[in-house]
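Enquirer: Dumping the structure here so I can ask a few things about it.
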Amino acid sequence: MSNVYLFLISLSWLSLSLFLVIKSRKVHYLKNISPVVNLPVPSVDIIVAVKDEEADVEAALTSVYMQRYPKFKIIVVNDRSTDRTAEILDRMVQNNSAITVISIENLPQGWLGKNNALFQGYLASSSEWLLFTDADVIFDLRALNRAMRYAQAKQLDHLAIIPEITSRSGLFRSVINTFAIMLEMRQRPWDVSDPTSGASIGIGAFNLVKRTAYERAGTHTAISMRPDDDLKLGERIKAAGLRQDVLYGEGGISLDWYPGLPQFVKGLMKNTFSIADYNLLKAIGMGLACLIVFVLPVPIVLFSGTKGLLSALVILVAQILLMLLKKGIHGRWWHALMIPFAGSVMIYIILLSAIKTMRQGGIYWRDSFYGLKELKKQR
């Protein structure tokens, strides 16, 4: 390989790393927002969809109902759970009047279970603001307070918070940091507050939205069959001309997303094809982009002989700086060494998700099957 190509490859990764480090500085941390003190605040209904969450729901809901915010209610929608979730919720309701539980026994036609549960929570709500969150998210005591303070100060209609991902698996943490970088390259969180930008974002762990904005965006009715409902909700809110922003949740919102890498791969396999709008060519394009950007650069320069060693060193230094300096990922230096592996994992997920969905003619989501033809109606 010529010196020109080696220079371009190393320059590209150096530029990308600097770009992401600089741009991530525009996104603030939730923990750095001053909480509201002795000021009138709007009411918030916190809507949590649960299904077979016996392992996590008590700790998560405990962190929610201990929020130091004066005006909030919790609406838990139990979506056909078959484990001890209902028993745990019954016990929690007896000890806290702020929690209301709605039970769903049957899933309506044309709805994914979680989307329907969140919509039913909205129908049972009455507050000015809605917070859609998951049953495994842990809140700091002042998380809601700080979020509402920021939303009011910025006059937002929608605030998403990217949670801190915790895990005992070092391998998984290294992969999830590369995944987070990929997500941010796609969603551009630093641009979502710009009304002239097409960038948007939605986060299932924390979507705080004005009731009027949620209704103007079409509610979950408009995305009833989207497995990526959080991203699509953010997309519709931004497309409606409403004000949107995002924060990093480190120190305020945390999520033990998956126990390890195998569970992560299995979990993403069922819904990743939806991000490509169930279009095989688009999925292949996503896989190729991942291959070119994350997998091939280091092997290419290393196989270019001694003249490629300098380029490999430049790329590695750039990736280490990215992991250490970029906000929102809490990376380690050695996570940079895992970038080609993490990229390969994502390619595997993207392509196998597409193949599996097409082969079985749809997806299994929360123990229900949804045909591909029906799913494509909301592309």
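Here, A, B, ... name the chains of the structure tokens in the order displayed, residue numbers run from 1 inside each chain, and ligands are numbered from 1 in the same displayed order.
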Could you produce a table of the residues of range 4-122 of chain A lying within 12 Å of range 279-292 of chain A, with the nearest pair of atoms per residue and their separation in Å rounded to one decimal, using only C-alpha atoms, ordered by chain and increasing residue number, as CSV?
Expert:
residue,atom,partner,partner_atom,distance
A:Ile9,CA,A:Ile292,CA,10.3
A:Ser12,CA,A:Ile292,CA,11.4
A:Trp13,CA,A:Ile292,CA,11.2
Enquirer: Determine, counting only C-alpha atoms, which protein, DNA and RNA residues have an atom within 10 Å of an atom of Ala135 in chain A; residues of the same chain fewer than 2 positions away are not included. Present the result as JSON, numbers by chain.
Expert: {"A": [47, 48, 49, 50, 51, 52, 53, 54, 55, 56, 57, 58, 59, 60, 61, 64, 76, 133, 137, 138, 205, 255]}
Enquirer: Emit the selected residues as a CSV table (one decimal), in the first residue's frame, including C-alpha atoms.
Expert:
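Now in selection.csv:
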chain,number,residue,atom,x,y,z
A,47,ILE,CA,-44.6,5.6,33.0
A,48,VAL,CA,-42.9,2.3,33.3
A,49,ALA,CA,-43.7,-0.7,31.1
A,50,VAL,CA,-42.8,-4.1,32.7
A,51,LYS,CA,-42.9,-7.7,31.5
A,52,ASP,CA,-41.3,-10.5,33.5
A,53,GLU,CA,-39.0,-8.1,35.4
A,54,GLU,CA,-38.9,-9.8,38.7
A,55,ALA,CA,-35.1,-9.5,38.9
A,56,ASP,CA,-34.9,-5.7,38.5
A,57,VAL,CA,-38.3,-4.1,39.0
A,58,GLU,CA,-38.1,-3.6,42.8
A,59,ALA,CA,-34.8,-1.9,42.8
A,60,ALA,CA,-35.6,0.3,39.8
A,61,LEU,CA,-39.0,1.4,41.1
A,64,VAL,CA,-38.0,6.1,41.1
A,76,VAL,CA,-46.5,1.0,36.1
A,133,THR,CA,-38.5,4.8,31.3
A,137,VAL,CA,-33.1,1.8,35.2
A,138,ILE,CA,-31.7,3.1,38.4
A,205,ALA,CA,-34.2,4.6,29.6
A,255,LEU,CA,-28.5,0.7,33.6
Enquirer: Rank nothing, just name the residue among A:Ser2, A:Asn95, A:Asn115, A:Gln378 nearest to Gly204 in chain A, using only C-alpha atoms.
Expert: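 Of A:Ser2, A:Asn95, A:Asn115, A:Gln378, the one nearest Gly204 in chain A is A:Asn115, counting only C-alpha atoms.
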Enquirer: Find the residues near range 25-41 of chain A: any atom within 7 Å, counting only C-alpha atoms, skip ones fewer than 2 places away on the same chain, and give them as a JSON list (two decimals) with C-alpha atoms, in the first residue's frame.
Expert:
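What follows is the written file part_16.json:
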[["chain", "number", "residue", "atom", "x", "y", "z"],
["A", 21, "VAL", "CA", -13.99, 14.26, 21.48],
["A", 22, "ILE", "CA", -14.70, 17.91, 20.63],
["A", 23, "LYS", "CA", -18.34, 17.41, 19.70],
["A", 43, "SER", "CA", -46.30, 17.70, 37.50],
["A", 142, "ARG", "CA", -32.22, 14.10, 42.23],
["A", 145, "ASN", "CA", -35.29, 17.21, 39.63],
["A", 146, "ARG", "CA", -32.15, 18.03, 37.64],
["A", 147, "ALA", "CA", -33.74, 16.91, 34.37],
["A", 149, "ARG", "CA", -34.63, 22.04, 35.84],
["A", 150, "TYR", "CA", -32.68, 21.67, 32.59],
["A", 190, "TRP", "CA", -24.48, 17.35, 19.90],
["A", 246, "VAL", "CA", -29.99, 15.26, 25.36],
["A", 247, "LEU", "CA", -27.76, 14.80, 28.41],
["A", 248, "TYR", "CA", -25.24, 12.19, 29.49],
["A", 249, "GLY", "CA", -26.60, 10.32, 32.51],
["A", 250, "GLU", "CA", -23.35, 9.26, 34.18],
["A", 251, "GLY", "CA", -23.79, 9.66, 37.93],
["A", 252, "GLY", "CA", -27.55, 10.19, 37.57],
["A", 327, "LYS", "CA", -17.46, 12.35, 27.27]]
Enquirer: So that I can see what lies close to Ala336 in chain A, please list as a VMD selection string the residues with an atom at most 9 Å from it, counting only C-alpha atoms and leaving out residues fewer than 5 positions away in the same chain.
Expert: chain A and resid 174 178 316 to 323 331
Enquirer: Within 12 Å of range 338-353 of chain A, which residues of range 136-176 of chain A show up? Give each one with its shortest atom-to-atom distance in Å (one decimal) and the two atoms involved, counting only C-alpha atoms, rows by chain then rising residue number, as a tab-separated table.
Expert:
residue	atom	partner	partner_atom	distance
A:Gly170	CA	A:Met338	CA	10.9
A:Leu171	CA	A:Met338	CA	8.5
A:Phe172	CA	A:Ala342	CA	9.3
A:Arg173	CA	A:Met338	CA	10.2
A:Ser174	CA	A:Met338	CA	6.5
A:Val175	CA	A:Ala342	CA	5.0
A:Ile176	CA	A:Ala342	CA	8.0
Enquirer: Export N, CA and C atoms of the chosen residues as a PDB file, in the first residue's frame?
Expert:
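Output file out_16.pdb follows:
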ATOM      1  N   GLY A 170     -15.742  -6.876  31.842  1.00  0.00           N
ATOM      2  CA  GLY A 170     -14.854  -5.922  31.194  1.00  0.00           C
ATOM      3  C   GLY A 170     -14.935  -6.010  29.685  1.00  0.00           C
ATOM      4  N   LEU A 171     -15.096  -7.214  29.151  1.00  0.00           N
ATOM      5  CA  LEU A 171     -15.227  -7.390  27.709  1.00  0.00           C
ATOM      6  C   LEU A 171     -16.461  -6.673  27.195  1.00  0.00           C
ATOM      7  N   PHE A 172     -17.567  -6.835  27.889  1.00  0.00           N
ATOM      8  CA  PHE A 172     -18.802  -6.180  27.461  1.00  0.00           C
ATOM      9  C   PHE A 172     -18.670  -4.662  27.519  1.00  0.00           C
ATOM     10  N   ARG A 173     -18.041  -4.156  28.577  1.00  0.00           N
ATOM     11  CA  ARG A 173     -17.869  -2.699  28.681  1.00  0.00           C
ATOM     12  C   ARG A 173     -17.037  -2.160  27.525  1.00  0.00           C
ATOM     13  N   SER A 174     -16.028  -2.910  27.104  1.00  0.00           N
ATOM     14  CA  SER A 174     -15.202  -2.449  25.989  1.00  0.00           C
ATOM     15  C   SER A 174     -16.004  -2.414  24.697  1.00  0.00           C
ATOM     16  N   VAL A 175     -16.851  -3.417  24.487  1.00  0.00           N
ATOM     17  CA  VAL A 175     -17.678  -3.460  23.278  1.00  0.00           C
ATOM     18  C   VAL A 175     -18.749  -2.382  23.319  1.00  0.00           C
ATOM     19  N   ILE A 176     -19.363  -2.173  24.474  1.00  0.00           N
ATOM     20  CA  ILE A 176     -20.456  -1.208  24.574  1.00  0.00           C
ATOM     21  C   ILE A 176     -19.955   0.211  24.331  1.00  0.00           C
TER      22      ILE A 176
END
Enquirer: Between A:Gln244, A:His220, A:Asp230, A:Asn106, single out the one closest to Leu159 in chain A, counting only C-alpha atoms.
Expert: A:Gln244
Enquirer: Using DSSP on the backbone coordinates, identify all residues within range 136-241 of chain A classified as helix (DSSP H, G or I); present the result as a PyMOL selection string.
Expert: chain A and resi 143-153+170-187+189-191+211-216+220-223+229-239
Enquirer: Between CA of Ser125 in chain A and CA of Thr100 in chain A, measure the distance and give it in Å to one decimal.
Expert: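 Answer for the CA of Ser125 in chain A to CA of Thr100 in chain A separation: 10.2 Å.
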Enquirer: Check the smallest atom-to-atom distance from each of A:Ala240, A:Ile74, A:Leu89, A:Ala160 to Gly198 in chain A using only C-alpha atoms, then report the winner.
Expert: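 Looking only at the distances to Gly198 in chain A, the closest residue turns out to be A:Ala240.
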Enquirer: Would you give me, as a PDB file with N, CA and C atoms, in the first residue's frame, the residues in range 137-343 of chain A that DSSP reads as strand (DSSP E or B)?
Expert:
ATOM      1  N   VAL A 137     -33.913   0.563  35.096  1.00  0.00           N
ATOM      2  CA  VAL A 137     -33.117   1.791  35.166  1.00  0.00           C
ATOM      3  C   VAL A 137     -33.074   2.284  36.609  1.00  0.00           C
ATOM      4  N   ILE A 138     -31.881   2.626  37.075  1.00  0.00           N
ATOM      5  CA  ILE A 138     -31.705   3.128  38.435  1.00  0.00           C
ATOM      6  C   ILE A 138     -31.482   4.637  38.397  1.00  0.00           C
ATOM      7  N   PHE A 139     -32.267   5.365  39.201  1.00  0.00           N
ATOM      8  CA  PHE A 139     -32.231   6.820  39.241  1.00  0.00           C
ATOM      9  C   PHE A 139     -31.487   7.303  40.490  1.00  0.00           C
ATOM     10  N   HIS A 158     -38.798  18.078  24.814  1.00  0.00           N
ATOM     11  CA  HIS A 158     -38.353  16.685  24.964  1.00  0.00           C
ATOM     12  C   HIS A 158     -36.902  16.666  25.412  1.00  0.00           C
ATOM     13  N   LEU A 159     -36.640  15.879  26.462  1.00  0.00           N
ATOM     14  CA  LEU A 159     -35.268  15.696  26.943  1.00  0.00           C
ATOM     15  C   LEU A 159     -34.993  14.198  27.063  1.00  0.00           C
ATOM     16  N   ALA A 160     -33.983  13.740  26.371  1.00  0.00           N
ATOM     17  CA  ALA A 160     -33.533  12.353  26.480  1.00  0.00           C
ATOM     18  C   ALA A 160     -32.237  12.321  27.278  1.00  0.00           C
ATOM     19  N   ILE A 161     -32.050  11.243  28.037  1.00  0.00           N
ATOM     20  CA  ILE A 161     -30.814  11.090  28.801  1.00  0.00           C
ATOM     21  C   ILE A 161     -30.202   9.739  28.472  1.00  0.00           C
ATOM     22  N   ILE A 162     -28.933   9.772  28.058  1.00  0.00           N
ATOM     23  CA  ILE A 162     -28.195   8.553  27.740  1.00  0.00           C
ATOM     24  C   ILE A 162     -27.686   7.960  29.044  1.00  0.00           C
ATOM     25  N   GLU A 164     -25.769   5.731  31.995  1.00  0.00           N
ATOM     26  CA  GLU A 164     -24.480   5.109  32.220  1.00  0.00           C
ATOM     27  C   GLU A 164     -24.682   3.594  32.224  1.00  0.00           C
ATOM     28  N   ILE A 165     -23.977   2.886  31.358  1.00  0.00           N
ATOM     29  CA  ILE A 165     -24.104   1.432  31.278  1.00  0.00           C
ATOM     30  C   ILE A 165     -23.108   0.804  32.248  1.00  0.00           C
ATOM     31  N   ASN A 207     -36.966   9.119  28.443  1.00  0.00           N
ATOM     32  CA  ASN A 207     -37.589  10.032  27.487  1.00  0.00           C
ATOM     33  C   ASN A 207     -38.574  10.906  28.247  1.00  0.00           C
ATOM     34  N   LEU A 208     -38.173  12.135  28.526  1.00  0.00           N
ATOM     35  CA  LEU A 208     -39.008  13.093  29.238  1.00  0.00           C
ATOM     36  C   LEU A 208     -39.631  14.037  28.209  1.00  0.00           C
ATOM     37  N   VAL A 209     -40.950  14.040  28.123  1.00  0.00           N
ATOM     38  CA  VAL A 209     -41.601  14.773  27.041  1.00  0.00           C
ATOM     39  C   VAL A 209     -42.860  15.477  27.542  1.00  0.00           C
ATOM     40  N   LYS A 210     -43.067  16.687  27.064  1.00  0.00           N
ATOM     41  CA  LYS A 210     -44.305  17.394  27.363  1.00  0.00           C
ATOM     42  C   LYS A 210     -45.487  16.627  26.790  1.00  0.00           C
ATOM     43  N   GLN A 244     -35.775  19.911  21.399  1.00  0.00           N
ATOM     44  CA  GLN A 244     -35.262  18.642  21.909  1.00  0.00           C
ATOM     45  C   GLN A 244     -33.815  18.810  22.340  1.00  0.00           C
ATOM     46  N   ASP A 245     -33.421  18.061  23.367  1.00  0.00           N
ATOM     47  CA  ASP A 245     -32.017  18.060  23.785  1.00  0.00           C
ATOM     48  C   ASP A 245     -31.710  16.728  24.465  1.00  0.00           C
ATOM     49  N   VAL A 246     -30.433  16.523  24.768  1.00  0.00           N
ATOM     50  CA  VAL A 246     -29.987  15.263  25.359  1.00  0.00           C
ATOM     51  C   VAL A 246     -28.876  15.536  26.359  1.00  0.00           C
ATOM     52  N   LEU A 247     -28.802  14.716  27.400  1.00  0.00           N
ATOM     53  CA  LEU A 247     -27.761  14.798  28.407  1.00  0.00           C
ATOM     54  C   LEU A 247     -27.108  13.432  28.574  1.00  0.00           C
ATOM     55  N   TYR A 248     -25.862  13.432  29.069  1.00  0.00           N
ATOM     56  CA  TYR A 248     -25.240  12.188  29.493  1.00  0.00           C
ATOM     57  C   TYR A 248     -25.678  11.905  30.930  1.00  0.00           C
ATOM     58  N   ILE A 253     -28.285   8.518  35.984  1.00  0.00           N
ATOM     59  CA  ILE A 253     -29.144   7.473  35.435  1.00  0.00           C
ATOM     60  C   ILE A 253     -28.244   6.310  35.032  1.00  0.00           C
ATOM     61  N   SER A 254     -28.498   5.130  35.562  1.00  0.00           N
ATOM     62  CA  SER A 254     -27.641   3.991  35.229  1.00  0.00           C
ATOM     63  C   SER A 254     -28.477   2.773  34.856  1.00  0.00           C
ATOM     64  N   LEU A 255     -27.842   1.889  34.121  1.00  0.00           N
ATOM     65  CA  LEU A 255     -28.537   0.722  33.598  1.00  0.00           C
ATOM     66  C   LEU A 255     -27.559  -0.435  33.475  1.00  0.00           C
TER      67      LEU A 255
END
Enquirer: Given the choices A:Ala124, A:Thr219, A:Leu11, A:Ser200, which gets closest to Pro297 in chain A if the distance is worked out from only C-alpha atoms?
Expert: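 Counting only C-alpha atoms, the residue closest to Pro297 in chain A is A:Leu11.
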